[in-house]
Structures are given as C-alpha cells and as structure tokens.
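So the structure is just underneath, and the comments pick up after that.
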Amino acid sequence: MADHTNGRVTEGSGIEGNGTRPAGDEAVWVWETESPIGRLGLARTEVGLRRLCFIPSGAAGAADSSVKWLASVVAETVSPAVTVAAAPLDDVRRELDDYFAGRLQEFTIPIDWRGSIGFYRRALEVTAAIPYGETRSYAAVAAGAGSPRAARAVGTAMATNPIALIVPCHRVVRGDGSRGFYGGGAGAKDLLLDMEGSVSGC
C-alpha cells in the first residue's frame, strides 16, 4: 500500500507488522470484516479496540479499497503508524462472528476509550453497560452520564460513536420507544435489536 500524505501506512501479517514506525507514533492495526449488516472497519491500538465503523458504500467499490479508506482515516485521526494486518484483529472478528450467530452476548474485547472525552465519553460508557436484549432512552443515558437534560447531546455521542456494536448505540432509542436513527441505517438497527430480542427472549 502506498504511503498516505499524513501518515505512513504499511502492510503486515502479524502484531509486529513489517513496516517502520515513525519515532513517537503509536502503532495501530486495521482490517475489515463482513457482517450481516454490511462491511465493518476495525482498528486497534496496543490499548484496545479504537474503532469499529461501517464502511461507506463508496469506499468498497474495488478490491482492497475499503481497508485503504479505513487506513487513511485512522492515519489522520488516530496515528500515522498504521499497519494493515488481519492477525491483530482476529479476536475481534471471532467475537463479532459469535455475536451475529447468537452465541455471544457480552464482548470481552478491551476498548481504547481515548477517542472520546468529557460528556460524550461518559455517555458512551453508560451505553456500553446496557445489557444485551435491552434498550435505554436518550434521556436515560443522559441521566446516567450525569446530565439529565442532555438527551440531544447523547444523540450526538451516539452518532459519532467510534466503536459501534461493542459500544451498543443501537440499544439507545427514543423516549416514545421508537427506534430512531442509526449510523448503520434503520434496517441494521432493526436487525440488531430483533436478533438480540429473539436470543434473550425479551
């Protein structure tokens, strides 16, 4: 893969990669995986999972274009020391496969929370604690995050959630019980909530 303007992106097959790391830059590994709700981009640091996002349809037109898109984004927003490698993200992909198969209800993957700060991080941490098969309203998440009147800000936190599914923003719904917006699309939110409801019996 060619170097990007704002960062050095290398290819590798394992945790060490095979590219040089600029001094002072934190290593981050990226890969992608298919799922019932579309292609997902994954990025992790030595701390934990930093990003799990939906690959935009326009980025997935040609072979390898989606992971190149993700590597470019991560190089600009996380660290320029990006390595494209599957092995460091194998555990994430295994847990996602088990989740979509109905075999896993609680992820064990460590999270790198450093991409979110302040109220947004508190809202995401509250969201991460919503049990499988259950939902919470935006207002309930706001109250749990210490700002009961900040339901709109919770909406922004959910829309900018850098770690979808693992931080289950699909479990946050409107006060009237309607499911509302989801970054992966309304169909994806319906699929996730219906799947969790059928597995948990809720």
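By order in the structure tokens, chains are A, B, ...; within a chain, residues start at 1; ligands start at 1, following the order shown.
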### Task
From a DSSP pass on the backbone, collect the residues of stretch 27-181 of chain A flagged as strand (DSSP E) and hand them back as a ChimeraX atom specification.
/A:28-33,40-45,49-54,81-84,136-137,172-173
### Task
Extract, using only C-alpha atoms, all DNA, RNA and protein residues at most 12 Å from stretch 136-153 of chain A, discarding same-chain residues fewer than 3 positions from it, and format them as a PyMOL selection string.
chain A and resi 118-133+156-160+168-181
For those residues, write N, CA, C and O atoms to a file as a tab-separated table (two decimals), in the first residue's frame.
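out_33.tsv, freshly written:
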chain	number	residue	atom	x	y	z
A	118	GLY	N	-14.89	13.82	27.90
A	118	GLY	CA	-15.96	14.58	28.53
A	118	GLY	C	-17.29	13.85	28.56
A	118	GLY	O	-17.36	12.64	28.77
A	119	PHE	N	-18.37	14.61	28.33
A	119	PHE	CA	-19.71	14.04	28.40
A	119	PHE	C	-19.90	12.93	27.37
A	119	PHE	O	-20.55	11.92	27.66
A	120	TYR	N	-19.35	13.10	26.17
A	120	TYR	CA	-19.51	12.08	25.15
A	120	TYR	C	-18.95	10.74	25.62
A	120	TYR	O	-19.56	9.69	25.42
A	121	ARG	N	-17.80	10.78	26.26
A	121	ARG	CA	-17.23	9.52	26.75
A	121	ARG	C	-18.11	8.94	27.85
A	121	ARG	O	-18.36	7.72	27.87
A	122	ARG	N	-18.60	9.77	28.76
A	122	ARG	CA	-19.47	9.25	29.83
A	122	ARG	C	-20.72	8.62	29.23
A	122	ARG	O	-21.17	7.56	29.67
A	123	ALA	N	-21.29	9.26	28.20
A	123	ALA	CA	-22.49	8.71	27.57
A	123	ALA	C	-22.18	7.37	26.90
A	123	ALA	O	-22.98	6.42	26.97
A	124	LEU	N	-21.02	7.26	26.28
A	124	LEU	CA	-20.65	6.00	25.63
A	124	LEU	C	-20.38	4.91	26.67
A	124	LEU	O	-20.71	3.74	26.45
A	125	GLU	N	-19.80	5.27	27.80
A	125	GLU	CA	-19.56	4.28	28.85
A	125	GLU	C	-20.88	3.77	29.43
A	125	GLU	O	-21.02	2.58	29.73
A	126	VAL	N	-21.86	4.68	29.60
A	126	VAL	CA	-23.19	4.25	30.05
A	126	VAL	C	-23.81	3.32	29.02
A	126	VAL	O	-24.40	2.28	29.34
A	127	THR	N	-23.66	3.68	27.75
A	127	THR	CA	-24.21	2.86	26.67
A	127	THR	C	-23.56	1.48	26.64
A	127	THR	O	-24.24	0.46	26.42
A	128	ALA	N	-22.27	1.42	26.88
A	128	ALA	CA	-21.56	0.14	26.88
A	128	ALA	C	-22.09	-0.81	27.95
A	128	ALA	O	-21.92	-2.03	27.83
A	129	ALA	N	-22.73	-0.27	28.98
A	129	ALA	CA	-23.23	-1.09	30.08
A	129	ALA	C	-24.68	-1.52	29.88
A	129	ALA	O	-25.22	-2.24	30.73
A	130	ILE	N	-25.34	-1.11	28.79
A	130	ILE	CA	-26.72	-1.54	28.55
A	130	ILE	C	-26.71	-3.04	28.26
A	130	ILE	O	-26.02	-3.49	27.34
A	131	PRO	N	-27.47	-3.83	29.02
A	131	PRO	CA	-27.42	-5.28	28.82
A	131	PRO	C	-27.96	-5.71	27.46
A	131	PRO	O	-28.81	-5.04	26.85
A	132	TYR	N	-27.46	-6.82	27.00
A	132	TYR	CA	-27.91	-7.45	25.76
A	132	TYR	C	-29.43	-7.66	25.81
A	132	TYR	O	-29.98	-8.10	26.82
A	133	GLY	N	-30.10	-7.31	24.73
A	133	GLY	CA	-31.54	-7.52	24.66
A	133	GLY	C	-32.37	-6.43	25.29
A	133	GLY	O	-33.60	-6.49	25.27
A	156	THR	N	-25.85	13.08	19.71
A	156	THR	CA	-24.60	13.36	19.02
A	156	THR	C	-23.53	12.34	19.37
A	156	THR	O	-22.78	11.88	18.50
A	157	ALA	N	-23.47	11.96	20.65
A	157	ALA	CA	-22.49	10.95	21.07
A	157	ALA	C	-22.74	9.62	20.36
A	157	ALA	O	-21.79	8.95	19.94
A	158	MET	N	-24.01	9.26	20.20
A	158	MET	CA	-24.33	8.01	19.52
A	158	MET	C	-23.97	8.10	18.04
A	158	MET	O	-23.43	7.15	17.45
A	159	ALA	N	-24.25	9.25	17.44
A	159	ALA	CA	-23.97	9.43	16.00
A	159	ALA	C	-22.48	9.41	15.71
A	159	ALA	O	-22.06	9.07	14.60
A	160	THR	N	-21.67	9.78	16.69
A	160	THR	CA	-20.22	9.83	16.49
A	160	THR	C	-19.50	8.72	17.25
A	160	THR	O	-18.27	8.76	17.39
A	168	PRO	N	-22.81	-0.45	22.29
A	168	PRO	CA	-24.03	-0.74	21.52
A	168	PRO	C	-25.01	0.43	21.43
A	168	PRO	O	-26.09	0.42	22.02
A	169	CYS	N	-24.65	1.42	20.62
A	169	CYS	CA	-25.53	2.58	20.47
A	169	CYS	C	-26.85	2.20	19.80
A	169	CYS	O	-27.82	2.96	19.86
A	170	HIS	N	-26.91	1.00	19.17
A	170	HIS	CA	-28.19	0.56	18.61
A	170	HIS	C	-29.22	0.28	19.71
A	170	HIS	O	-30.42	0.21	19.43
A	171	ARG	N	-28.78	0.15	20.96
A	171	ARG	CA	-29.71	-0.10	22.07
A	171	ARG	C	-30.26	1.20	22.67
A	171	ARG	O	-31.02	1.14	23.65
A	172	VAL	N	-29.90	2.33	22.11
A	172	VAL	CA	-30.42	3.62	22.58
A	172	VAL	C	-31.54	4.05	21.64
A	172	VAL	O	-31.35	4.15	20.43
A	173	VAL	N	-32.72	4.27	22.22
A	173	VAL	CA	-33.93	4.55	21.44
A	173	VAL	C	-34.59	5.83	21.93
A	173	VAL	O	-34.21	6.41	22.95
A	174	ARG	N	-35.60	6.25	21.20
A	174	ARG	CA	-36.32	7.46	21.56
A	174	ARG	C	-37.19	7.23	22.80
A	174	ARG	O	-37.51	6.09	23.14
A	175	GLY	N	-37.58	8.33	23.43
A	175	GLY	CA	-38.37	8.23	24.64
A	175	GLY	C	-39.71	7.56	24.44
A	175	GLY	O	-40.26	6.96	25.37
A	176	ASP	N	-40.27	7.65	23.23
A	176	ASP	CA	-41.57	7.02	22.96
A	176	ASP	C	-41.43	5.55	22.59
A	176	ASP	O	-42.42	4.88	22.26
A	177	GLY	N	-40.19	5.05	22.63
A	177	GLY	CA	-39.97	3.65	22.32
A	177	GLY	C	-39.62	3.36	20.87
A	177	GLY	O	-39.21	2.24	20.55
A	178	SER	N	-39.82	4.35	19.99
A	178	SER	CA	-39.45	4.13	18.59
A	178	SER	C	-37.93	4.05	18.48
A	178	SER	O	-37.20	4.64	19.29
A	179	ARG	N	-37.44	3.37	17.48
A	179	ARG	CA	-36.02	3.03	17.44
A	179	ARG	C	-35.13	4.18	17.01
A	179	ARG	O	-34.00	4.29	17.44
A	180	GLY	N	-35.60	5.03	16.14
A	180	GLY	CA	-34.84	6.22	15.78
A	180	GLY	C	-33.67	5.95	14.86
A	180	GLY	O	-33.51	4.87	14.29
A	181	PHE	N	-32.81	6.95	14.76
A	181	PHE	CA	-31.70	6.95	13.81
A	181	PHE	C	-30.61	5.97	14.23
A	181	PHE	O	-30.40	5.70	15.41
### Query
With only C-alpha atoms as the atoms that count, which of A:Ser65, A:Thr135, A:Ser57, A:Thr108 lies nearest to A:Lys189?
A:Thr135
### Task
To one decimal in Å, tell me the separation between atom CA of A:Ala164 and atom CA of A:Gly184.
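One can read the atom CA of A:Ala164 to atom CA of A:Gly184 distance as 8.9 Å.
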Using only C-alpha atoms, find each residue in stretch 39-77 of chain A having at least one atom no more than 8 Å away from stretch 88-91 of chain A; report its shortest atom-to-atom pair and that distance in Å (one decimal), rows by chain then rising number, as a tab-separated table.
residue	atom	partner	partner_atom	distance
A:Leu42	CA	A:Leu89	CA	7.4
A:Ala43	CA	A:Leu89	CA	7.8
A:Arg44	CA	A:Leu89	CA	7.4
### Task
Would you work out the distance separating atom CA of A:Ala101 from atom CA of A:Tyr182, expressed in Å to one decimal?
21.3 Å
#### Entry: Among listed residues A:Leu165, A:Val92, A:Ile37, A:Cys53, nearest A:Val73 (using only C-alpha atoms)
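Result for the nearest residue to A:Val73: A:Cys53.
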### Task
Using only C-alpha atoms, find the one residue out of A:Ala75, A:Ala81, A:Ile163, A:Ile55 that sits nearest to A:Gly38.
A:Ile55
Neighbours of A:Gly41 within 10 Å (only C-alpha atoms; same-chain residues fewer than 6 positions away dropped), as a PDB file with N, CA and C atoms, in the first residue's frame?
ATOM      1  N   VAL A  30      -5.196  -2.090  11.362  1.00  0.00           N
ATOM      2  CA  VAL A  30      -6.533  -2.010  10.781  1.00  0.00           C
ATOM      3  C   VAL A  30      -6.813  -3.221   9.907  1.00  0.00           C
ATOM      4  N   TRP A  31      -8.082  -3.586   9.872  1.00  0.00           N
ATOM      5  CA  TRP A  31      -8.553  -4.639   8.977  1.00  0.00           C
ATOM      6  C   TRP A  31     -10.054  -4.444   8.809  1.00  0.00           C
ATOM      7  N   GLU A  32     -10.692  -5.324   8.074  1.00  0.00           N
ATOM      8  CA  GLU A  32     -12.124  -5.236   7.857  1.00  0.00           C
ATOM      9  C   GLU A  32     -12.745  -6.610   7.988  1.00  0.00           C
ATOM     10  N   THR A  33     -14.067  -6.642   8.108  1.00  0.00           N
ATOM     11  CA  THR A  33     -14.759  -7.924   8.192  1.00  0.00           C
ATOM     12  C   THR A  33     -16.162  -7.771   7.637  1.00  0.00           C
ATOM     13  N   GLU A  34     -16.683  -8.848   7.066  1.00  0.00           N
ATOM     14  CA  GLU A  34     -18.057  -8.854   6.579  1.00  0.00           C
ATOM     15  C   GLU A  34     -19.002  -9.186   7.733  1.00  0.00           C
ATOM     16  N   ARG A  51     -11.584   1.626  16.961  1.00  0.00           N
ATOM     17  CA  ARG A  51     -12.634   1.962  16.006  1.00  0.00           C
ATOM     18  C   ARG A  51     -13.273   0.683  15.466  1.00  0.00           C
ATOM     19  N   LEU A  52     -14.608   0.731  15.408  1.00  0.00           N
ATOM     20  CA  LEU A  52     -15.385  -0.263  14.698  1.00  0.00           C
ATOM     21  C   LEU A  52     -16.469   0.531  13.985  1.00  0.00           C
ATOM     22  N   CYS A  53     -16.369   0.596  12.671  1.00  0.00           N
ATOM     23  CA  CYS A  53     -17.241   1.500  11.927  1.00  0.00           C
ATOM     24  C   CYS A  53     -17.811   0.816  10.695  1.00  0.00           C
ATOM     25  N   PHE A  54     -18.860   1.397  10.168  1.00  0.00           N
ATOM     26  CA  PHE A  54     -19.442   0.931   8.926  1.00  0.00           C
ATOM     27  C   PHE A  54     -18.636   1.501   7.762  1.00  0.00           C
ATOM     28  N   ILE A  55     -18.270   0.645   6.832  1.00  0.00           N
ATOM     29  CA  ILE A  55     -17.537   1.090   5.651  1.00  0.00           C
ATOM     30  C   ILE A  55     -18.524   1.741   4.688  1.00  0.00           C
ATOM     31  N   PRO A  56     -18.316   2.995   4.313  1.00  0.00           N
ATOM     32  CA  PRO A  56     -19.226   3.637   3.360  1.00  0.00           C
ATOM     33  C   PRO A  56     -19.251   2.872   2.045  1.00  0.00           C
ATOM     34  N   SER A  66     -11.749  -0.542   0.561  1.00  0.00           N
ATOM     35  CA  SER A  66     -12.355  -0.210   1.843  1.00  0.00           C
ATOM     36  C   SER A  66     -11.323  -0.177   2.960  1.00  0.00           C
ATOM     37  N   VAL A  67     -10.413  -1.156   2.994  1.00  0.00           N
ATOM     38  CA  VAL A  67      -9.411  -1.138   4.044  1.00  0.00           C
ATOM     39  C   VAL A  67      -8.408  -0.005   3.824  1.00  0.00           C
ATOM     40  N   TRP A  69      -9.264   2.894   2.564  1.00  0.00           N
ATOM     41  CA  TRP A  69     -10.004   4.061   3.067  1.00  0.00           C
ATOM     42  C   TRP A  69      -9.884   4.137   4.585  1.00  0.00           C
ATOM     43  N   LEU A  70     -10.101   3.014   5.265  1.00  0.00           N
ATOM     44  CA  LEU A  70     -10.030   2.994   6.720  1.00  0.00           C
ATOM     45  C   LEU A  70      -8.634   3.358   7.198  1.00  0.00           C
ATOM     46  N   ALA A  71      -7.607   2.789   6.577  1.00  0.00           N
ATOM     47  CA  ALA A  71      -6.232   3.089   6.970  1.00  0.00           C
ATOM     48  C   ALA A  71      -5.941   4.569   6.836  1.00  0.00           C
ATOM     49  N   ILE A 163     -16.937   3.197  18.163  1.00  0.00           N
ATOM     50  CA  ILE A 163     -16.830   1.740  18.332  1.00  0.00           C
ATOM     51  C   ILE A 163     -18.231   1.138  18.334  1.00  0.00           C
TER      52      ILE A 163
END
### Distance of atom CA of A:Ile166 from atom CA of A:Gly48, expressed in Å to one decimal place
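Those two atoms sit 11.7 Å apart.
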### Task
From a DSSP pass on the backbone, collect the residues of stretch 30-151 of chain A flagged as helix (DSSP H, G or I) and hand them back as a ChimeraX atom specification.
/A:57-59,65-77,87-100,113-115,118-128,138-144,151
Quick one: write out the picked residues with N, CA and C atoms as a short mmCIF file (atom, residue, chain, number, x, y, z; two decimals), in the first residue's frame?
data_model
loop_
_atom_site.label_atom_id
_atom_site.label_comp_id
_atom_site.auth_asym_id
_atom_site.auth_seq_id
_atom_site.Cartn_x
_atom_site.Cartn_y
_atom_site.Cartn_z
N SER A 57 -20.43 2.81 1.42
CA SER A 57 -20.57 2.04 0.18
C SER A 57 -19.61 2.53 -0.89
N GLY A 58 -19.34 3.81 -0.93
CA GLY A 58 -18.44 4.35 -1.94
C GLY A 58 -17.00 3.95 -1.75
N ALA A 59 -16.66 3.47 -0.56
CA ALA A 59 -15.28 3.08 -0.28
C ALA A 59 -15.03 1.62 -0.57
N SER A 65 -10.16 -1.46 -1.54
CA SER A 65 -10.37 -0.02 -1.40
C SER A 65 -10.94 0.34 -0.04
N SER A 66 -11.75 -0.54 0.56
CA SER A 66 -12.36 -0.21 1.84
C SER A 66 -11.32 -0.18 2.96
N VAL A 67 -10.41 -1.16 2.99
CA VAL A 67 -9.41 -1.14 4.04
C VAL A 67 -8.41 -0.01 3.82
N LYS A 68 -8.15 0.35 2.58
CA LYS A 68 -7.30 1.51 2.31
C LYS A 68 -7.96 2.79 2.79
N TRP A 69 -9.26 2.89 2.56
CA TRP A 69 -10.00 4.06 3.07
C TRP A 69 -9.88 4.14 4.58
N LEU A 70 -10.10 3.01 5.27
CA LEU A 70 -10.03 2.99 6.72
C LEU A 70 -8.63 3.36 7.20
N ALA A 71 -7.61 2.79 6.58
CA ALA A 71 -6.23 3.09 6.97
C ALA A 71 -5.94 4.57 6.84
N SER A 72 -6.44 5.20 5.78
CA SER A 72 -6.23 6.62 5.58
C SER A 72 -6.90 7.44 6.67
N VAL A 73 -8.14 7.08 7.01
CA VAL A 73 -8.86 7.80 8.06
C VAL A 73 -8.15 7.65 9.40
N VAL A 74 -7.73 6.43 9.72
CA VAL A 74 -7.06 6.19 11.00
C VAL A 74 -5.72 6.91 11.06
N ALA A 75 -5.00 6.96 9.94
CA ALA A 75 -3.72 7.66 9.90
C ALA A 75 -3.89 9.14 10.22
N GLU A 76 -5.02 9.71 9.80
CA GLU A 76 -5.27 11.13 10.03
C GLU A 76 -5.85 11.43 11.40
N THR A 77 -6.60 10.49 11.98
CA THR A 77 -7.34 10.77 13.20
C THR A 77 -6.80 10.09 14.45
N ALA A 87 -4.19 -10.44 11.48
CA ALA A 87 -3.98 -11.21 12.70
C ALA A 87 -4.24 -10.44 14.00
N PRO A 88 -3.81 -9.17 14.12
CA PRO A 88 -4.06 -8.46 15.38
C PRO A 88 -5.54 -8.23 15.67
N LEU A 89 -6.39 -8.45 14.66
CA LEU A 89 -7.82 -8.23 14.85
C LEU A 89 -8.62 -9.52 14.76
N ASP A 90 -7.94 -10.65 14.79
CA ASP A 90 -8.63 -11.94 14.70
C ASP A 90 -9.60 -12.14 15.86
N ASP A 91 -9.21 -11.74 17.08
CA ASP A 91 -10.10 -11.95 18.23
C ASP A 91 -11.36 -11.11 18.09
N VAL A 92 -11.24 -9.91 17.54
CA VAL A 92 -12.41 -9.05 17.33
C VAL A 92 -13.35 -9.71 16.33
N ARG A 93 -12.78 -10.20 15.25
CA ARG A 93 -13.62 -10.83 14.22
C ARG A 93 -14.29 -12.09 14.75
N ARG A 94 -13.59 -12.86 15.57
CA ARG A 94 -14.20 -14.07 16.14
C ARG A 94 -15.39 -13.71 17.03
N GLU A 95 -15.21 -12.69 17.87
CA GLU A 95 -16.31 -12.30 18.76
C GLU A 95 -17.49 -11.74 17.97
N LEU A 96 -17.22 -10.99 16.92
CA LEU A 96 -18.30 -10.49 16.08
C LEU A 96 -19.05 -11.64 15.42
N ASP A 97 -18.32 -12.64 14.92
CA ASP A 97 -18.97 -13.80 14.31
C ASP A 97 -19.86 -14.51 15.33
N ASP A 98 -19.36 -14.67 16.55
CA ASP A 98 -20.15 -15.33 17.59
C ASP A 98 -21.36 -14.50 17.97
N TYR A 99 -21.19 -13.18 18.01
CA TYR A 99 -22.32 -12.29 18.33
C TYR A 99 -23.42 -12.42 17.28
N PHE A 100 -23.06 -12.34 16.02
CA PHE A 100 -24.08 -12.42 14.97
C PHE A 100 -24.70 -13.80 14.87
N TRP A 113 -10.56 3.91 24.95
CA TRP A 113 -11.54 4.98 25.06
C TRP A 113 -10.98 6.35 24.68
N ARG A 114 -9.73 6.45 24.33
CA ARG A 114 -9.10 7.77 24.19
C ARG A 114 -9.65 8.60 23.03
N GLY A 115 -10.46 7.99 22.17
CA GLY A 115 -11.04 8.76 21.08
C GLY A 115 -12.22 9.61 21.50
N GLY A 118 -14.89 13.82 27.90
CA GLY A 118 -15.96 14.58 28.53
C GLY A 118 -17.29 13.85 28.56
N PHE A 119 -18.37 14.61 28.33
CA PHE A 119 -19.71 14.04 28.40
C PHE A 119 -19.90 12.93 27.37
N TYR A 120 -19.35 13.10 26.17
CA TYR A 120 -19.51 12.08 25.15
C TYR A 120 -18.95 10.74 25.62
N ARG A 121 -17.80 10.78 26.26
CA ARG A 121 -17.23 9.52 26.75
C ARG A 121 -18.11 8.94 27.85
N ARG A 122 -18.60 9.77 28.76
CA ARG A 122 -19.47 9.25 29.83
C ARG A 122 -20.72 8.62 29.23
N ALA A 123 -21.29 9.26 28.20
CA ALA A 123 -22.49 8.71 27.57
C ALA A 123 -22.18 7.37 26.90
N LEU A 124 -21.02 7.26 26.28
CA LEU A 124 -20.65 6.00 25.63
C LEU A 124 -20.38 4.91 26.67
N GLU A 125 -19.80 5.27 27.80
CA GLU A 125 -19.56 4.28 28.85
C GLU A 125 -20.88 3.77 29.43
N VAL A 126 -21.86 4.68 29.60
CA VAL A 126 -23.19 4.25 30.05
C VAL A 126 -23.81 3.32 29.02
N THR A 127 -23.66 3.68 27.75
CA THR A 127 -24.21 2.86 26.67
C THR A 127 -23.56 1.48 26.64
N ALA A 128 -22.27 1.42 26.88
CA ALA A 128 -21.56 0.14 26.88
C ALA A 128 -22.09 -0.81 27.95
N TYR A 138 -32.60 8.00 25.15
CA TYR A 138 -31.55 9.03 25.14
C TYR A 138 -31.53 9.76 26.49
N ALA A 139 -32.72 10.03 27.03
CA ALA A 139 -32.80 10.74 28.31
C ALA A 139 -32.21 9.90 29.44
N ALA A 140 -32.46 8.59 29.41
CA ALA A 140 -31.92 7.72 30.46
C ALA A 140 -30.40 7.66 30.40
N VAL A 141 -29.85 7.64 29.18
CA VAL A 141 -28.39 7.64 29.05
C VAL A 141 -27.83 8.97 29.53
N ALA A 142 -28.51 10.06 29.20
CA ALA A 142 -28.06 11.38 29.66
C ALA A 142 -28.03 11.44 31.19
N ALA A 143 -29.08 10.92 31.82
CA ALA A 143 -29.12 10.92 33.29
C ALA A 143 -27.99 10.05 33.85
N GLY A 144 -27.77 8.90 33.24
CA GLY A 144 -26.71 8.03 33.71
C GLY A 144 -25.33 8.63 33.55
N ALA A 151 -30.18 15.07 26.56
CA ALA A 151 -30.57 13.99 25.66
C ALA A 151 -30.11 14.26 24.23
#
### Query
Between A:Leu193, A:Ala186, A:Val28, A:Val167, which has the minimum distance to A:Val82 (counting only C-alpha atoms)?
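Smallest distance to A:Val82 is found for A:Val28.
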